[in-house]
Every structure is written in structure tokens, then in C-alpha cells.
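Note: the block below is structure09.pdb and it holds PDB, C-alpha atoms and all ligand atoms.
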ATOM      1  CA  MET A 621     -77.685  53.385 -78.629  1.00  0.00           C
ATOM      2  CA  LYS A 622     -79.294  53.492 -75.203  1.00  0.00           C
ATOM      3  CA  LEU A 623     -80.116  57.008 -74.006  1.00  0.00           C
ATOM      4  CA  TYR A 624     -80.747  57.772 -70.330  1.00  0.00           C
ATOM      5  CA  VAL A 625     -81.920  61.271 -69.481  1.00  0.00           C
ATOM      6  CA  THR A 626     -81.480  62.012 -65.801  1.00  0.00           C
ATOM      7  CA  ARG A 627     -82.901  64.771 -63.601  1.00  0.00           C
ATOM      8  CA  ASP A 628     -79.550  66.323 -62.798  1.00  0.00           C
ATOM      9  CA  TYR A 629     -75.800  65.851 -62.484  1.00  0.00           C
ATOM     10  CA  GLU A 630     -76.095  63.707 -59.337  1.00  0.00           C
ATOM     11  CA  GLU A 631     -78.463  61.237 -60.951  1.00  0.00           C
ATOM     12  CA  MET A 632     -76.307  61.173 -64.093  1.00  0.00           C
ATOM     13  CA  SER A 633     -73.246  60.375 -61.977  1.00  0.00           C
ATOM     14  CA  LEU A 634     -75.000  57.480 -60.217  1.00  0.00           C
ATOM     15  CA  LYS A 635     -76.207  56.016 -63.508  1.00  0.00           C
ATOM     16  CA  VAL A 636     -72.701  56.215 -65.012  1.00  0.00           C
ATOM     17  CA  ALA A 637     -71.249  54.584 -61.891  1.00  0.00           C
ATOM     18  CA  ASP A 638     -73.959  51.862 -62.088  1.00  0.00           C
ATOM     19  CA  ILE A 639     -72.962  50.994 -65.651  1.00  0.00           C
ATOM     20  CA  ILE A 640     -69.235  50.915 -64.851  1.00  0.00           C
ATOM     21  CA  ALA A 641     -69.811  48.944 -61.638  1.00  0.00           C
ATOM     22  CA  ALA A 642     -71.940  46.381 -63.498  1.00  0.00           C
ATOM     23  CA  GLN A 643     -69.107  45.882 -65.987  1.00  0.00           C
ATOM     24  CA  MET A 644     -66.547  45.489 -63.164  1.00  0.00           C
ATOM     25  CA  ILE A 645     -68.719  42.953 -61.372  1.00  0.00           C
ATOM     26  CA  LEU A 646     -69.204  40.905 -64.535  1.00  0.00           C
ATOM     27  CA  LYS A 647     -65.486  41.085 -65.455  1.00  0.00           C
ATOM     28  CA  PRO A 648     -63.216  41.774 -62.478  1.00  0.00           C
ATOM     29  CA  ASP A 649     -60.144  42.269 -64.705  1.00  0.00           C
ATOM     30  CA  THR A 650     -61.949  44.869 -66.795  1.00  0.00           C
ATOM     31  CA  VAL A 651     -59.900  47.260 -68.919  1.00  0.00           C
ATOM     32  CA  LEU A 652     -61.449  50.560 -67.985  1.00  0.00           C
ATOM     33  CA  GLY A 653     -61.024  53.541 -70.303  1.00  0.00           C
ATOM     34  CA  LEU A 654     -61.214  56.705 -68.232  1.00  0.00           C
ATOM     35  CA  ALA A 655     -61.738  60.418 -68.745  1.00  0.00           C
ATOM     36  CA  THR A 656     -60.806  63.498 -66.758  1.00  0.00           C
ATOM     37  CA  GLY A 657     -62.653  66.816 -66.475  1.00  0.00           C
ATOM     38  CA  THR A 658     -65.611  67.950 -64.414  1.00  0.00           C
ATOM     39  CA  THR A 659     -68.149  65.488 -65.795  1.00  0.00           C
ATOM     40  CA  PRO A 660     -66.834  62.179 -64.357  1.00  0.00           C
ATOM     41  CA  VAL A 661     -66.021  63.439 -60.841  1.00  0.00           C
ATOM     42  CA  GLY A 662     -69.425  62.483 -59.380  1.00  0.00           C
ATOM     43  CA  ALA A 663     -69.265  59.016 -60.935  1.00  0.00           C
ATOM     44  CA  TYR A 664     -65.728  58.547 -59.572  1.00  0.00           C
ATOM     45  CA  ASN A 665     -66.935  59.587 -56.108  1.00  0.00           C
ATOM     46  CA  SER A 666     -69.704  57.022 -56.324  1.00  0.00           C
ATOM     47  CA  LEU A 667     -67.249  54.306 -57.405  1.00  0.00           C
ATOM     48  CA  ILE A 668     -65.006  55.240 -54.448  1.00  0.00           C
ATOM     49  CA  GLU A 669     -67.991  54.813 -52.101  1.00  0.00           C
ATOM     50  CA  ARG A 670     -68.890  51.459 -53.675  1.00  0.00           C
ATOM     51  CA  ASN A 671     -65.278  50.329 -53.336  1.00  0.00           C
ATOM     52  CA  LYS A 672     -65.325  51.268 -49.642  1.00  0.00           C
ATOM     53  CA  THR A 673     -68.456  49.239 -49.038  1.00  0.00           C
ATOM     54  CA  GLY A 674     -67.035  46.333 -51.031  1.00  0.00           C
ATOM     55  CA  SER A 675     -69.529  46.278 -53.904  1.00  0.00           C
ATOM     56  CA  VAL A 676     -66.840  47.006 -56.504  1.00  0.00           C
ATOM     57  CA  ASP A 677     -63.266  45.804 -56.488  1.00  0.00           C
ATOM     58  CA  PHE A 678     -60.436  47.468 -58.411  1.00  0.00           C
ATOM     59  CA  SER A 679     -57.719  44.948 -57.479  1.00  0.00           C
ATOM     60  CA  SER A 680     -57.624  43.337 -60.949  1.00  0.00           C
ATOM     61  CA  VAL A 681     -58.807  46.313 -62.988  1.00  0.00           C
ATOM     62  CA  ARG A 682     -56.464  47.901 -65.541  1.00  0.00           C
ATOM     63  CA  THR A 683     -57.061  51.462 -66.716  1.00  0.00           C
ATOM     64  CA  VAL A 684     -56.153  53.532 -69.739  1.00  0.00           C
ATOM     65  CA  ASN A 685     -56.924  57.228 -69.795  1.00  0.00           C
ATOM     66  CA  LEU A 686     -57.930  59.124 -72.874  1.00  0.00           C
ATOM     67  CA  ASP A 687     -55.427  61.906 -72.813  1.00  0.00           C
ATOM     68  CA  GLU A 688     -52.764  64.006 -71.144  1.00  0.00           C
ATOM     69  CA  TYR A 689     -51.471  67.521 -71.641  1.00  0.00           C
ATOM     70  CA  TRP A 690     -48.220  67.826 -73.524  1.00  0.00           C
ATOM     71  CA  GLU A 691     -45.238  68.944 -71.451  1.00  0.00           C
ATOM     72  CA  LEU A 692     -47.084  69.327 -68.164  1.00  0.00           C
ATOM     73  CA  PRO A 693     -45.197  67.346 -65.497  1.00  0.00           C
ATOM     74  CA  SER A 694     -47.232  64.561 -63.898  1.00  0.00           C
ATOM     75  CA  ASP A 695     -46.975  66.222 -60.466  1.00  0.00           C
ATOM     76  CA  HIS A 696     -48.493  69.486 -61.821  1.00  0.00           C
ATOM     77  CA  ASP A 697     -51.891  69.833 -60.183  1.00  0.00           C
ATOM     78  CA  GLN A 698     -53.574  70.233 -63.585  1.00  0.00           C
ATOM     79  CA  SER A 699     -51.950  67.205 -65.182  1.00  0.00           C
ATOM     80  CA  TYR A 700     -54.370  64.408 -65.873  1.00  0.00           C
ATOM     81  CA  ARG A 701     -52.170  61.949 -63.954  1.00  0.00           C
ATOM     82  CA  TYR A 702     -52.543  64.185 -60.895  1.00  0.00           C
ATOM     83  CA  PHE A 703     -56.292  64.444 -61.498  1.00  0.00           C
ATOM     84  CA  MET A 704     -56.737  60.680 -61.744  1.00  0.00           C
ATOM     85  CA  ASP A 705     -54.587  59.971 -58.680  1.00  0.00           C
ATOM     86  CA  HIS A 706     -56.558  62.459 -56.604  1.00  0.00           C
ATOM     87  CA  HIS A 707     -60.066  61.842 -57.917  1.00  0.00           C
ATOM     88  CA  LEU A 708     -59.927  58.060 -58.156  1.00  0.00           C
ATOM     89  CA  PHE A 709     -56.754  55.966 -57.994  1.00  0.00           C
ATOM     90  CA  ASN A 710     -55.510  57.031 -54.532  1.00  0.00           C
ATOM     91  CA  ASN A 711     -58.954  56.328 -53.090  1.00  0.00           C
ATOM     92  CA  VAL A 712     -59.614  52.798 -54.347  1.00  0.00           C
ATOM     93  CA  ASN A 713     -57.792  49.470 -54.168  1.00  0.00           C
ATOM     94  CA  ILE A 714     -56.232  49.737 -57.616  1.00  0.00           C
ATOM     95  CA  LEU A 715     -52.591  48.790 -58.173  1.00  0.00           C
ATOM     96  CA  PRO A 716     -50.713  51.917 -59.346  1.00  0.00           C
ATOM     97  CA  GLU A 717     -48.894  49.828 -61.972  1.00  0.00           C
ATOM     98  CA  ASN A 718     -52.273  48.973 -63.511  1.00  0.00           C
ATOM     99  CA  THR A 719     -53.076  52.626 -64.254  1.00  0.00           C
ATOM    100  CA  ASN A 720     -51.997  54.137 -67.555  1.00  0.00           C
ATOM    101  CA  LEU A 721     -52.024  57.566 -69.137  1.00  0.00           C
ATOM    102  CA  PRO A 722     -50.129  58.908 -72.131  1.00  0.00           C
ATOM    103  CA  ASN A 723     -46.806  60.385 -70.995  1.00  0.00           C
ATOM    104  CA  GLY A 724     -46.982  64.061 -71.892  1.00  0.00           C
ATOM    105  CA  MET A 725     -43.339  64.505 -70.924  1.00  0.00           C
ATOM    106  CA  ALA A 726     -41.978  61.881 -73.338  1.00  0.00           C
ATOM    107  CA  SER A 727     -39.147  63.318 -75.415  1.00  0.00           C
ATOM    108  CA  ASP A 728     -40.141  61.372 -78.517  1.00  0.00           C
ATOM    109  CA  LYS A 729     -43.828  62.043 -78.983  1.00  0.00           C
ATOM    110  CA  ASP A 730     -44.240  59.730 -81.981  1.00  0.00           C
ATOM    111  CA  SER A 731     -42.885  56.720 -80.136  1.00  0.00           C
ATOM    112  CA  GLU A 732     -44.994  57.621 -77.099  1.00  0.00           C
ATOM    113  CA  CYS A 733     -48.103  57.577 -79.315  1.00  0.00           C
ATOM    114  CA  ARG A 734     -47.103  54.180 -80.722  1.00  0.00           C
ATOM    115  CA  ARG A 735     -46.326  52.876 -77.203  1.00  0.00           C
ATOM    116  CA  TYR A 736     -49.797  53.886 -76.034  1.00  0.00           C
ATOM    117  CA  ASP A 737     -51.545  52.190 -78.949  1.00  0.00           C
ATOM    118  CA  SER A 738     -49.478  49.007 -78.388  1.00  0.00           C
ATOM    119  CA  LEU A 739     -50.299  49.081 -74.693  1.00  0.00           C
ATOM    120  CA  ILE A 740     -54.043  49.228 -75.407  1.00  0.00           C
ATOM    121  CA  GLU A 741     -53.624  46.325 -77.806  1.00  0.00           C
ATOM    122  CA  GLU A 742     -51.584  44.275 -75.299  1.00  0.00           C
ATOM    123  CA  LEU A 743     -54.321  44.819 -72.712  1.00  0.00           C
ATOM    124  CA  GLY A 744     -56.738  43.244 -75.185  1.00  0.00           C
ATOM    125  CA  GLY A 745     -58.525  46.488 -76.001  1.00  0.00           C
ATOM    126  CA  ILE A 746     -60.848  48.508 -73.823  1.00  0.00           C
ATOM    127  CA  ASP A 747     -63.859  46.820 -72.233  1.00  0.00           C
ATOM    128  CA  ILE A 748     -65.676  50.010 -71.314  1.00  0.00           C
ATOM    129  CA  GLN A 749     -64.698  53.556 -72.259  1.00  0.00           C
ATOM    130  CA  LEU A 750     -66.055  56.507 -70.322  1.00  0.00           C
ATOM    131  CA  LEU A 751     -66.252  59.729 -72.350  1.00  0.00           C
ATOM    132  CA  GLY A 752     -67.144  63.325 -71.618  1.00  0.00           C
ATOM    133  CA  LEU A 753     -68.061  65.698 -74.450  1.00  0.00           C
ATOM    134  CA  GLY A 754     -66.343  68.995 -75.257  1.00  0.00           C
ATOM    135  CA  HIS A 755     -68.370  72.117 -76.035  1.00  0.00           C
ATOM    136  CA  ASN A 756     -67.100  71.772 -79.596  1.00  0.00           C
ATOM    137  CA  GLY A 757     -68.051  68.077 -79.738  1.00  0.00           C
ATOM    138  CA  HIS A 758     -64.576  66.736 -78.978  1.00  0.00           C
ATOM    139  CA  ILE A 759     -64.108  63.306 -77.422  1.00  0.00           C
ATOM    140  CA  GLY A 760     -60.823  62.702 -75.662  1.00  0.00           C
ATOM    141  CA  PHE A 761     -58.853  65.541 -77.212  1.00  0.00           C
ATOM    142  CA  ASN A 762     -59.932  64.606 -80.725  1.00  0.00           C
ATOM    143  CA  GLU A 763     -60.719  68.134 -81.790  1.00  0.00           C
ATOM    144  CA  PRO A 764     -62.861  69.144 -84.811  1.00  0.00           C
ATOM    145  CA  ASP A 765     -60.746  68.514 -87.911  1.00  0.00           C
ATOM    146  CA  ASP A 766     -60.934  67.469 -91.552  1.00  0.00           C
ATOM    147  CA  VAL A 767     -60.365  63.810 -90.726  1.00  0.00           C
ATOM    148  CA  PHE A 768     -60.847  61.348 -87.863  1.00  0.00           C
ATOM    149  CA  TYR A 769     -57.440  60.284 -86.491  1.00  0.00           C
ATOM    150  CA  LYS A 770     -57.362  56.561 -85.787  1.00  0.00           C
ATOM    151  CA  GLY A 771     -54.342  56.233 -83.510  1.00  0.00           C
ATOM    152  CA  THR A 772     -52.993  58.057 -80.475  1.00  0.00           C
ATOM    153  CA  HIS A 773     -51.653  61.408 -81.637  1.00  0.00           C
ATOM    154  CA  VAL A 774     -50.479  64.836 -80.569  1.00  0.00           C
ATOM    155  CA  VAL A 775     -53.138  67.456 -81.070  1.00  0.00           C
ATOM    156  CA  LYS A 776     -53.165  71.240 -81.008  1.00  0.00           C
ATOM    157  CA  LEU A 777     -55.989  72.272 -78.702  1.00  0.00           C
ATOM    158  CA  THR A 778     -58.588  74.600 -80.177  1.00  0.00           C
ATOM    159  CA  GLU A 779     -59.180  78.039 -78.705  1.00  0.00           C
ATOM    160  CA  SER A 780     -62.590  76.862 -77.423  1.00  0.00           C
ATOM    161  CA  THR A 781     -60.983  73.989 -75.494  1.00  0.00           C
ATOM    162  CA  ILE A 782     -58.252  76.264 -74.109  1.00  0.00           C
ATOM    163  CA  GLN A 783     -60.872  78.750 -72.899  1.00  0.00           C
ATOM    164  CA  ALA A 784     -63.071  75.950 -71.450  1.00  0.00           C
ATOM    165  CA  ASN A 785     -60.124  74.510 -69.511  1.00  0.00           C
ATOM    166  CA  ALA A 786     -58.741  77.896 -68.415  1.00  0.00           C
ATOM    167  CA  ARG A 787     -61.106  77.803 -65.409  1.00  0.00           C
ATOM    168  CA  LEU A 788     -58.822  75.207 -63.861  1.00  0.00           C
ATOM    169  CA  PHE A 789     -55.609  77.210 -64.361  1.00  0.00           C
ATOM    170  CA  ASN A 790     -54.681  80.669 -63.049  1.00  0.00           C
ATOM    171  CA  ASN A 791     -55.324  82.085 -66.524  1.00  0.00           C
ATOM    172  CA  SER A 792     -55.715  80.905 -70.113  1.00  0.00           C
ATOM    173  CA  ASP A 793     -52.006  81.562 -70.898  1.00  0.00           C
ATOM    174  CA  GLU A 794     -51.116  78.703 -68.554  1.00  0.00           C
ATOM    175  CA  VAL A 795     -53.255  76.137 -70.399  1.00  0.00           C
ATOM    176  CA  PRO A 796     -50.984  73.887 -72.482  1.00  0.00           C
ATOM    177  CA  ARG A 797     -51.533  74.320 -76.212  1.00  0.00           C
ATOM    178  CA  TYR A 798     -50.979  70.664 -77.069  1.00  0.00           C
ATOM    179  CA  ALA A 799     -52.072  67.287 -75.717  1.00  0.00           C
ATOM    180  CA  ILE A 800     -51.640  63.603 -76.488  1.00  0.00           C
ATOM    181  CA  THR A 801     -54.924  61.850 -77.056  1.00  0.00           C
ATOM    182  CA  MET A 802     -56.144  58.371 -77.763  1.00  0.00           C
ATOM    183  CA  GLY A 803     -57.452  58.277 -81.316  1.00  0.00           C
ATOM    184  CA  ILE A 804     -60.912  57.502 -82.597  1.00  0.00           C
ATOM    185  CA  GLY A 805     -59.827  53.931 -83.428  1.00  0.00           C
ATOM    186  CA  ALA A 806     -59.285  52.805 -79.820  1.00  0.00           C
ATOM    187  CA  ILE A 807     -62.426  54.610 -78.675  1.00  0.00           C
ATOM    188  CA  MET A 808     -64.572  52.986 -81.370  1.00  0.00           C
ATOM    189  CA  ASN A 809     -62.993  49.580 -80.671  1.00  0.00           C
ATOM    190  CA  ALA A 810     -64.015  49.759 -77.013  1.00  0.00           C
ATOM    191  CA  ARG A 811     -66.540  46.997 -76.425  1.00  0.00           C
ATOM    192  CA  THR A 812     -68.824  49.396 -74.540  1.00  0.00           C
ATOM    193  CA  VAL A 813     -68.851  53.203 -74.538  1.00  0.00           C
ATOM    194  CA  VAL A 814     -70.465  55.405 -71.903  1.00  0.00           C
ATOM    195  CA  LEU A 815     -70.891  59.041 -72.912  1.00  0.00           C
ATOM    196  CA  ALA A 816     -71.683  61.272 -69.927  1.00  0.00           C
ATOM    197  CA  VAL A 817     -72.935  64.803 -70.587  1.00  0.00           C
ATOM    198  CA  SER A 818     -74.141  67.445 -68.162  1.00  0.00           C
ATOM    199  CA  GLY A 819     -75.370  71.031 -68.348  1.00  0.00           C
ATOM    200  CA  SER A 820     -77.034  73.325 -70.869  1.00  0.00           C
ATOM    201  CA  GLY A 821     -73.649  74.395 -72.238  1.00  0.00           C
ATOM    202  CA  LYS A 822     -73.272  70.925 -73.755  1.00  0.00           C
ATOM    203  CA  ALA A 823     -76.793  70.690 -75.250  1.00  0.00           C
ATOM    204  CA  LYS A 824     -75.780  71.777 -78.762  1.00  0.00           C
ATOM    205  CA  ALA A 825     -72.685  69.558 -78.821  1.00  0.00           C
ATOM    206  CA  LEU A 826     -74.811  66.596 -77.714  1.00  0.00           C
ATOM    207  CA  ARG A 827     -77.501  67.272 -80.308  1.00  0.00           C
ATOM    208  CA  ASP A 828     -74.917  67.678 -83.079  1.00  0.00           C
ATOM    209  CA  SER A 829     -73.159  64.485 -81.944  1.00  0.00           C
ATOM    210  CA  LEU A 830     -76.265  62.309 -81.761  1.00  0.00           C
ATOM    211  CA  LYS A 831     -78.539  63.813 -84.411  1.00  0.00           C
ATOM    212  CA  GLY A 832     -76.259  65.605 -86.873  1.00  0.00           C
ATOM    213  CA  PRO A 833     -74.295  64.146 -89.769  1.00  0.00           C
ATOM    214  CA  VAL A 834     -71.296  61.975 -88.873  1.00  0.00           C
ATOM    215  CA  SER A 835     -68.389  64.335 -89.467  1.00  0.00           C
ATOM    216  CA  PRO A 836     -64.871  64.866 -88.084  1.00  0.00           C
ATOM    217  CA  MET A 837     -65.935  68.488 -87.544  1.00  0.00           C
ATOM    218  CA  VAL A 838     -68.070  67.071 -84.682  1.00  0.00           C
ATOM    219  CA  PRO A 839     -65.857  64.247 -83.384  1.00  0.00           C
ATOM    220  CA  GLY A 840     -68.563  62.921 -81.034  1.00  0.00           C
ATOM    221  CA  SER A 841     -70.775  62.221 -84.061  1.00  0.00           C
ATOM    222  CA  ILE A 842     -68.705  59.100 -84.819  1.00  0.00           C
ATOM    223  CA  LEU A 843     -70.337  57.543 -81.755  1.00  0.00           C
ATOM    224  CA  GLN A 844     -73.553  57.151 -83.780  1.00  0.00           C
ATOM    225  CA  LEU A 845     -71.731  54.253 -85.441  1.00  0.00           C
ATOM    226  CA  HIS A 846     -70.831  52.469 -82.189  1.00  0.00           C
ATOM    227  CA  SER A 847     -72.887  49.334 -81.653  1.00  0.00           C
ATOM    228  CA  ASN A 848     -72.888  49.335 -77.853  1.00  0.00           C
ATOM    229  CA  ILE A 849     -73.106  52.832 -76.431  1.00  0.00           C
ATOM    230  CA  TYR A 850     -74.867  54.248 -73.384  1.00  0.00           C
ATOM    231  CA  VAL A 851     -75.476  57.984 -73.430  1.00  0.00           C
ATOM    232  CA  VAL A 852     -76.214  59.363 -69.974  1.00  0.00           C
ATOM    233  CA  ALA A 853     -77.248  63.018 -70.140  1.00  0.00           C
ATOM    234  CA  ASP A 854     -78.888  65.217 -67.569  1.00  0.00           C
ATOM    235  CA  ALA A 855     -82.073  67.077 -68.535  1.00  0.00           C
ATOM    236  CA  GLU A 856     -80.209  70.291 -69.398  1.00  0.00           C
ATOM    237  CA  ALA A 857     -77.717  68.550 -71.678  1.00  0.00           C
ATOM    238  CA  ALA A 858     -80.534  66.590 -73.341  1.00  0.00           C
ATOM    239  CA  SER A 859     -82.745  69.672 -73.831  1.00  0.00           C
ATOM    240  CA  LEU A 860     -82.136  69.959 -77.602  1.00  0.00           C
ATOM    241  CA  LEU A 861     -82.518  66.267 -78.424  1.00  0.00           C
TER     242      LEU A 861
HETATM  243  C1  LIG A 901     -60.940  64.524 -70.660  1.00  0.00           C
HETATM  244  C2  LIG A 901     -61.395  64.532 -72.030  1.00  0.00           C
HETATM  245  C3  LIG A 901     -62.309  65.592 -72.558  1.00  0.00           C
HETATM  246  C4  LIG A 901     -63.442  65.953 -71.600  1.00  0.00           C
HETATM  247  C5  LIG A 901     -64.302  67.069 -72.190  1.00  0.00           C
HETATM  248  C6  LIG A 901     -65.384  67.490 -71.237  1.00  0.00           C
HETATM  249  O1  LIG A 901     -60.095  63.414 -70.437  1.00  0.00           O
HETATM  250  O2  LIG A 901     -61.007  63.684 -72.754  1.00  0.00           O
HETATM  251  O3  LIG A 901     -62.850  65.156 -73.774  1.00  0.00           O
HETATM  252  O4  LIG A 901     -64.213  64.816 -71.357  1.00  0.00           O
HETATM  253  O5  LIG A 901     -63.491  68.166 -72.478  1.00  0.00           O
HETATM  254  O6  LIG A 901     -64.794  68.081 -70.122  1.00  0.00           O
HETATM  255  P1  LIG A 901     -65.642  68.478 -68.844  1.00  0.00           P
HETATM  256  O7  LIG A 901     -66.140  67.226 -68.252  1.00  0.00           O
HETATM  257  O8  LIG A 901     -64.667  69.178 -67.925  1.00  0.00           O
HETATM  258  O9  LIG A 901     -66.733  69.376 -69.314  1.00  0.00           O
END
Take the structure in this file and express it as C-alpha cells.
Ligand code: F6R
Amino acid sequence: MKLYVTRDYEEMSLKVADIIAAQMILKPDTVLGLATGTTPVGAYNSLIERNKTGSVDFSSVRTVNLDEYWELPSDHDQSYRYFMDHHLFNNVNILPENTNLPNGMASDKDSECRRYDSLIEELGGIDIQLLGLGHNGHIGFNEPDDVFYKGTHVVKLTESTIQANARLFNNSDEVPRYAITMGIGAIMNARTVVLAVSGSGKAKALRDSLKGPVSPMVPGSILQLHSNIYVVADAEAASLL
């Protein structure tokens, strides 16, 4: 595990973008595993800038996102498809057909989960997976549970996640209660993982993930077993390490 502690969110974002850009330069047809949420926005902005100046090229990149809300239409401004289009895809030279998220509107959720796992396999697995960390230690929407789920699955969001995400909706009642998430298997099979963490509110989750016992009650703790992981945390997030 390589740990970078940065001064602040801006420096964290640049470091995350550096690592992703390096991967894209070395392998132009990289399979990029992406995350939504507040944490990656700065890194996405930096990648957009680098794409504008020509230092990174998305024309052969394929992407797979970690998760999507269940039964939120893709044109809803809080859907993760909408987020990705607005925060990254519409602003870089990526082919829309090369971008993938779970389909939260699929009528048959089980076959959608299987489709997503097959897709990741057909792409040859994920070269580099960007992760944020939930306040409860979740990665993707793999919430604290009795077991680690290997494959893509439908998950009931915990109250802590619903409250954390309510800031983006008009109120917490509007936050979907379920999501489809990539499982721990695809995340752990990614050839490189980048965990980005910012702010004092994440300090305990980061400490429990990196220093606590490996347990499905702290999903991020499984990352201790990944052989090629970069953790990029700002000083506040790293304060309990
Ligand atoms: C998002 C995702 C989540 C977030 C986590 C942190 O696709 O999978 O695990 O990374 O909830 O969210 P933020 O960055 O908003 O604090």
C-alpha cells in the first residue's frame, strides 16, 4: 500500500488525477473504474483540463462505474449517469458508448447484476479503480454487512448513507433506498486501486479501513489485502492514522 497524505482537497485531487493520467498514458485503452460523489470532482476537473491541453486522451478509454441508484431515471439530476455525464464524460473526448454504469431502471435486477459482471469480464477487468470512502467505511455501495458480496448486487442503503447523500436531494425522503453496486470481487480484481479520502468526517472510516481488522462491517478494510493500492488522503482525513 502506498499512502500519500496531502495538504488539502486540491492537492489530493491533483495527486489522484496524476495517478489516473499516468495509467492512461501507459495504456491508452485503459479500463477505468470510476466513482461518483463529492470526493472525485476535483480529480475529474483536473483530468478535463489535461484532456483539453492534450496530455491525456480518452478516445480509447472504456469506463465502468461503481454504482447507480435503483429506480432513479438516468436523466434525474441525482442519478449517477447524470453525474458522470456532467462532471466528466461530456467534457472529454470519450465515446459515449465506451461509458458504462449499472442500469438502475432495469426491470430484472438479477439479470442486470449478471450483465454488469459479464461486461467487466468482457472488458478484461478493471485496470485502475477509483474509490471514495463512505462515513461508515463503504466502498461503492458495499455497505457494512455480515459478509463481503463478491458480485454486482442490489443493496439496501444504510440510514447513514441516506443521511450523507440527502444533502444532494431536496430532503432525505427523496434519497432512493436501494442501489446497484459492483461487488467486492471486481473491486479487488482491479489491477490498481486508488482510494481518495478527504475531510475530518472520514478520518475514523479511513483509520478503521486501513488499521482495523479486515471485516465486512468495515467494507473498506478489505483493501488492506489489495496488492497494488494507492491511498490519497488529505491531512484531515489522515489525522487518525
Ligand atoms: C460513489 C460511491 C461511494 C462514494 C462514497 C463517498 O460512486 O461509490 O462509495 O465514493 O459514498 O462519497 P463522497 O465522495 O460524496 O463523500
To check your reading of the model: which residues sit at most 10 Å from ligand LIG 901 (chain A) when counting all atoms listed in the file? Write the answer as a ChimeraX atom specification. /A:653-661,685-689,700,703-704,750-763,781-782,784-785,787-788,801-802,815-819,821-822,840
I need the residue set behind the PyMOL selection byres (((chain A and resi 730) around 12) and not hetatm) for this file; please write it as an MDAnalysis selection string. chainID A and resid 722:724 726:729 731:737 771:775 800:801
Please provide as a ChimeraX atom specification all residues within 9 Å of Asn718 of chain A, with the sequence filter that same-chain residues fewer than 3 positions apart are discarded (counting all atoms listed in the file). /A:680-684,714-715
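Distance check against Lys770 of chain A using all atoms listed in the file: of A:Gly803, A:Pro833, A:Phe678, A:Gln749, the minimum falls on A:Gly803.
Taking atom CA of Ala637 of chain A and atom CA of Leu667 of chain A as the two end points, the separation is 6.0 Å.
Counting from atom CA of Tyr664 of chain A, the distance to atom CA of Met621 of chain A is 23.1 Å.
Minimum atom-to-atom distance to Ser859 of chain A, evaluated using only C-alpha atoms, belongs to A:Thr626 out of A:Ser666, A:Thr626, A:Ser675, A:Ser835.
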For atom CA of Glu742 of chain A and atom CA of Thr812 of chain A, quote the distance in Å rounded to one decimal. 18.0 Å
Spatial neighbours of Tyr702 of chain A, 12 Å, all atoms listed in the file, chain gap at least 4 places, as a PyMOL selection string: chain A and resi 656-657+688-689+692-698+706-710+721
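Among the candidates A:Val814, A:Leu623, A:Met808, A:Val712, the one nearest to Gln643 of chain A when counting all atoms listed in the file is A:Val814.
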Residues selected by the PyMOL selection byres (((chain A and resi 810) around 10) and not hetatm), written as a list in words: Val651, Leu652, Gly653, Gly744, Gly745, Ile746, Asp747, Ile748, Gln749, Leu750, Gly805, Ala806, Ile807, Met808, Asn809, Arg811, Thr812, Val813, Val814, His846, Asn848 and Ile849 of chain A
Between A:Val636, A:Leu777, A:Ala786, A:Leu843, single out the one closest to Ala799 of chain A, counting all atoms listed in the file. A:Leu777
